[in-house]
Amino acid sequence: MEPVPSASFDISAKTHNPNAGLRGNYSQMAPDYTVRQQMSDYSPAEQARWLRLVERQLALLPGRACHEFIDAVKALDMGRGIPDFTEVNVALKAATNWQLVGVPGLLPDDVFFTHLANRRFPVTVWLREESEFDYIVEPDIFHDFFGHVPMLFTPIYADHLEAYGHGALKAKRLGGLDWLARLYWYTIEFGLIREHGQIKAYGAGVLSSPKELLYALESSVPQRLPFDVMTSMRTKFLIDDVQTTYFVLDSLQQLRDDTAPDFTPYYETLRAESA
Ligand code: PHE
Ligand code: CO
């Protein structure tokens, strides 16, 4: 049996929240931190809560989510109930050769990145409590599934995320992970993209939050900068509030192309700046 991660598993490094604890049951997991999703474990109250979360968010998507996300959301038909990963995996394998794996919650960095590098996306199996309906700091199944899974059906995004996994394992060896984590934050979590001259969302943190989806796209307060790898890596982020800066892609191809170079010199530059 694997030890239950506790002090040795520094969640604060991942969430940047010194008070974050580990929620979820880490006692039954496999060595790669995966757990079986037991559909029968979801209560009627959780199924009902899932539907309310999905319905509220679906109503906000038209005109705000990028077309890739909208198309996949339609096909996933999440209003049927909490998704069964086994069933979704059949379609996902055919679309982009990714697979979803159930996990108890946040994972150690290297475990998470190793899953991504192998085209496995970790999805938290539990659903938030009713008191967290509007806001939750930690990822739950609603954030992970509703926010992240739709984009995995788009080949160029799917390839990018695998490359990110390899890049993150490399960044860890080179001491560049804090910077690369910012790039993840400003793309995969809070990324915006221009579509026919209009700004839309493709980041999971934006698309799974009613408040932030409206704020990111419609408020005059935050900055919306053209996406730039180095600028995103120089920009600190907040985990417990809406962002002050968003980065806007011209296309998913731009994300792929701009992250294709070897980042080793980028980390050297950033290290020199912070010295
Ligand atoms: N190309 C980057 C490197 O060599 C890795 C990377 C890929 C980073 C995709 C972000 C996204 O380090
Ligand atoms: Co996320």
# chains A, B, ... in the order shown; residues from 1 in each chain; ligands from 1
call {"tool": "residues_near_ligand", "arguments": {"ligand": "ligand 1", "cutoff": "6 Å", "atoms": "only C-alpha atoms and all ligand atoms", "output": "PyMOL selection string"}}
result
chain A and resi 160+163-164+167+259-263
call {"tool": "residues_near_ligand", "arguments": {"ligand": "ligand 2", "cutoff": "12 Å", "atoms": "only C-alpha atoms and all ligand atoms", "output": "VMD selection string"}}
result
chain A and resid 14 to 15 105 to 107 112 121 to 124 136 to 149 151 181 184 to 191 202 to 209 239
call {"tool": "atom_distance", "arguments": {"atom1": "atom CA of A:Leu270", "atom2": "atom CA of A:Gly176"}}
result
8.6 Å
call {"tool": "closest_residue", "arguments": {"among": "A:His166, A:Arg182, A:Arg119, A:Arg64", "to": "A:Lys236", "atoms": "only C-alpha atoms"}}
result
A:Arg182
call {"tool": "residues_around", "arguments": {"residues": "A:Ile156", "least_positions_apart": "2", "cutoff": "10 Å", "atoms": "only C-alpha atoms", "output": "ChimeraX atom specification"}}
result
/A:96,151-154,158-161,252-253,255-256
call {"tool": "write_last_selection", "arguments": {"atoms": "C-alpha atoms", "output": "PDB file, in the first residue's frame"}}
result
ATOM      1  CA  THR A  96      -7.710  12.154 -29.845  1.00  0.00           C
ATOM      2  CA  MET A 151     -11.140  20.681 -25.150  1.00  0.00           C
ATOM      3  CA  LEU A 152      -9.459  17.243 -25.051  1.00  0.00           C
ATOM      4  CA  PHE A 153     -11.582  16.338 -28.088  1.00  0.00           C
ATOM      5  CA  THR A 154      -9.686  18.879 -30.234  1.00  0.00           C
ATOM      6  CA  ALA A 158      -4.816  17.366 -27.114  1.00  0.00           C
ATOM      7  CA  ASP A 159      -1.331  17.246 -28.649  1.00  0.00           C
ATOM      8  CA  HIS A 160      -0.362  20.449 -26.885  1.00  0.00           C
ATOM      9  CA  LEU A 161      -1.379  19.089 -23.494  1.00  0.00           C
ATOM     10  CA  LEU A 252      -4.803  27.093 -30.888  1.00  0.00           C
ATOM     11  CA  GLN A 253      -2.091  26.704 -33.525  1.00  0.00           C
ATOM     12  CA  LEU A 255      -0.327  27.937 -28.599  1.00  0.00           C
ATOM     13  CA  ARG A 256       1.223  24.869 -30.192  1.00  0.00           C
TER      14      ARG A 256
END
call {"tool": "residues_around", "arguments": {"residues": "A:Glu195", "least_positions_apart": "2", "cutoff": "9 Å", "atoms": "only C-alpha atoms", "output": "NGL selection string"}}
result
:A and (66-67 or 193 or 197-200 or 250-251)
call {"tool": "write_last_selection", "arguments": {"atoms": "all heavy atoms", "output": "CSV table (one decimal), in the first residue's frame"}}
result
chain,number,residue,atom,x,y,z
A,66,CYS,N,-15.3,29.1,-26.8
A,66,CYS,CA,-14.8,28.9,-28.2
A,66,CYS,C,-15.6,27.8,-28.8
A,66,CYS,O,-16.2,27.0,-28.2
A,66,CYS,CB,-13.3,28.7,-28.2
A,66,CYS,SG,-12.8,27.1,-27.5
A,67,HIS,N,-15.6,27.8,-30.2
A,67,HIS,CA,-16.4,26.8,-30.8
A,67,HIS,C,-16.1,25.4,-30.6
A,67,HIS,O,-16.9,24.5,-30.5
A,67,HIS,CB,-16.5,27.1,-32.3
A,67,HIS,CG,-15.3,26.8,-33.1
A,67,HIS,ND1,-14.3,27.7,-33.3
A,67,HIS,CD2,-14.9,25.7,-33.8
A,67,HIS,CE1,-13.3,27.2,-34.0
A,67,HIS,NE2,-13.7,26.0,-34.3
A,193,ILE,N,-9.2,33.2,-26.3
A,193,ILE,CA,-8.8,33.1,-27.7
A,193,ILE,C,-9.7,34.0,-28.5
A,193,ILE,O,-10.9,34.1,-28.3
A,193,ILE,CB,-8.9,31.6,-28.1
A,193,ILE,CG1,-8.4,31.3,-29.5
A,193,ILE,CG2,-10.4,31.0,-27.9
A,193,ILE,CD1,-8.1,29.9,-29.8
A,197,GLY,N,-12.6,37.9,-34.6
A,197,GLY,CA,-12.6,39.2,-34.0
A,197,GLY,C,-13.1,39.3,-32.6
A,197,GLY,O,-13.0,40.4,-31.9
A,198,GLN,N,-13.8,38.3,-32.1
A,198,GLN,CA,-14.4,38.3,-30.7
A,198,GLN,C,-13.5,37.5,-29.8
A,198,GLN,O,-13.0,36.5,-30.2
A,198,GLN,CB,-15.8,37.7,-30.8
A,198,GLN,CG,-16.9,38.7,-31.2
A,198,GLN,CD,-18.2,38.0,-31.0
A,198,GLN,OE1,-18.5,37.0,-31.7
A,198,GLN,NE2,-19.0,38.5,-30.0
A,199,ILE,N,-13.5,37.9,-28.5
A,199,ILE,CA,-12.7,37.1,-27.5
A,199,ILE,C,-13.6,36.1,-26.9
A,199,ILE,O,-14.7,36.4,-26.4
A,199,ILE,CB,-12.1,38.1,-26.5
A,199,ILE,CG1,-11.1,39.0,-27.2
A,199,ILE,CG2,-11.4,37.2,-25.4
A,199,ILE,CD1,-10.4,40.0,-26.2
A,200,LYS,N,-13.2,34.8,-26.9
A,200,LYS,CA,-13.9,33.7,-26.3
A,200,LYS,C,-13.0,33.0,-25.3
A,200,LYS,O,-11.8,33.3,-25.2
A,200,LYS,CB,-14.3,32.7,-27.4
A,200,LYS,CG,-15.1,33.3,-28.6
A,200,LYS,CD,-16.5,33.5,-28.2
A,200,LYS,CE,-17.3,34.2,-29.3
A,200,LYS,NZ,-17.6,33.3,-30.4
A,250,ASP,N,-4.4,34.0,-30.7
A,250,ASP,CA,-5.1,34.2,-32.0
A,250,ASP,C,-5.6,32.9,-32.5
A,250,ASP,O,-6.6,32.9,-33.3
A,250,ASP,CB,-4.0,34.7,-33.0
A,250,ASP,CG,-3.7,36.2,-32.7
A,250,ASP,OD1,-4.6,36.9,-32.3
A,250,ASP,OD2,-2.5,36.5,-32.8
A,251,SER,N,-5.0,31.8,-32.1
A,251,SER,CA,-5.5,30.5,-32.5
A,251,SER,C,-4.9,29.4,-31.6
A,251,SER,O,-3.9,29.7,-31.0
A,251,SER,CB,-5.1,30.2,-34.0
A,251,SER,OG,-3.7,30.2,-34.0
call {"tool": "closest_residue", "arguments": {"among": "A:Asp32, A:Lys170, A:Trp50, A:Leu92", "to": "A:Pro108", "atoms": "only C-alpha atoms"}}
result
A:Asp32
call {"tool": "residues_around", "arguments": {"residues": "A:Arg36", "least_positions_apart": "2", "cutoff": "10 Å", "atoms": "only C-alpha atoms", "output": "ChimeraX atom specification"}}
result
/A:28-30,34,38-39,85-86,101-104,125
call {"tool": "residues_around", "arguments": {"residues": "A:Asp110", "least_positions_apart": "2", "cutoff": "10 Å", "atoms": "only C-alpha atoms", "output": "JSON, numbers by chain"}}
result
{"A": [107, 108, 112, 113, 114, 115, 116, 165, 168, 169, 172]}
call {"tool": "atom_distance", "arguments": {"atom1": "atom CA of A:Glu46", "atom2": "atom CA of A:Asn89"}}
result
22.0 Å
call {"tool": "select_by_dssp", "arguments": {"residues": "stretch 33-233 of chain A", "states": "alpha helix (DSSP H)", "output": "number ranges by chain"}}
result
A: 44-60, 67-76, 85-96, 109-117, 141, 155-174, 177-184, 204-207, 210-218, 229-233
call {"tool": "select_by_dssp", "arguments": {"residues": "stretch 28-164 of chain A", "states": "strand (DSSP E)", "output": "PyMOL selection string"}}
result
chain A and resi 99-103+120-124
call {"tool": "write_last_selection", "arguments": {"atoms": "C-alpha atoms", "output": "PDB file, in the first residue's frame"}}
result
ATOM      1  CA  GLN A  99      -8.172   8.759 -21.667  1.00  0.00           C
ATOM      2  CA  LEU A 100      -9.678  10.039 -18.445  1.00  0.00           C
ATOM      3  CA  VAL A 101      -8.484   8.535 -15.179  1.00  0.00           C
ATOM      4  CA  GLY A 102     -10.275   8.986 -11.854  1.00  0.00           C
ATOM      5  CA  VAL A 103      -8.211  10.509  -9.028  1.00  0.00           C
ATOM      6  CA  ARG A 120      -4.213  10.522 -19.511  1.00  0.00           C
ATOM      7  CA  PHE A 121      -6.222  13.323 -17.948  1.00  0.00           C
ATOM      8  CA  PRO A 122      -6.767  13.016 -14.185  1.00  0.00           C
ATOM      9  CA  VAL A 123     -10.352  13.838 -13.190  1.00  0.00           C
ATOM     10  CA  THR A 124     -11.316  14.200  -9.529  1.00  0.00           C
TER      11      THR A 124
END
call {"tool": "closest_residue", "arguments": {"among": "A:Asp84, A:Asp228, A:Ala275, A:Leu58", "to": "A:Gln37", "atoms": "only C-alpha atoms"}}
result
A:Asp84
call {"tool": "residues_around", "arguments": {"residues": "A:Lys74", "least_positions_apart": "2", "cutoff": "12 Å", "atoms": "only C-alpha atoms", "output": "list in words"}}
result
Val54, Leu58, Leu61, Pro62, His67, Glu68, Phe69, Ile70, Asp71, Ala72, Leu76, Asp77, Met78, Gly79, Arg80, Phe146, Pro150 and Phe153 of chain A
call {"tool": "closest_residue", "arguments": {"among": "A:Thr264, A:Thr269, A:Ser43, A:Thr245", "to": "A:Ser219", "atoms": "only C-alpha atoms"}}
result
A:Thr245
call {"tool": "closest_residue", "arguments": {"among": "A:Thr231, A:Ala45, A:Asp241, A:Ala272", "to": "A:Arg128", "atoms": "only C-alpha atoms"}}
result
A:Ala45
call {"tool": "closest_residue", "arguments": {"among": "A:Asn118, A:Thr235, A:Thr244, A:Gln47", "to": "A:Ala216", "atoms": "only C-alpha atoms"}}
result
A:Thr244
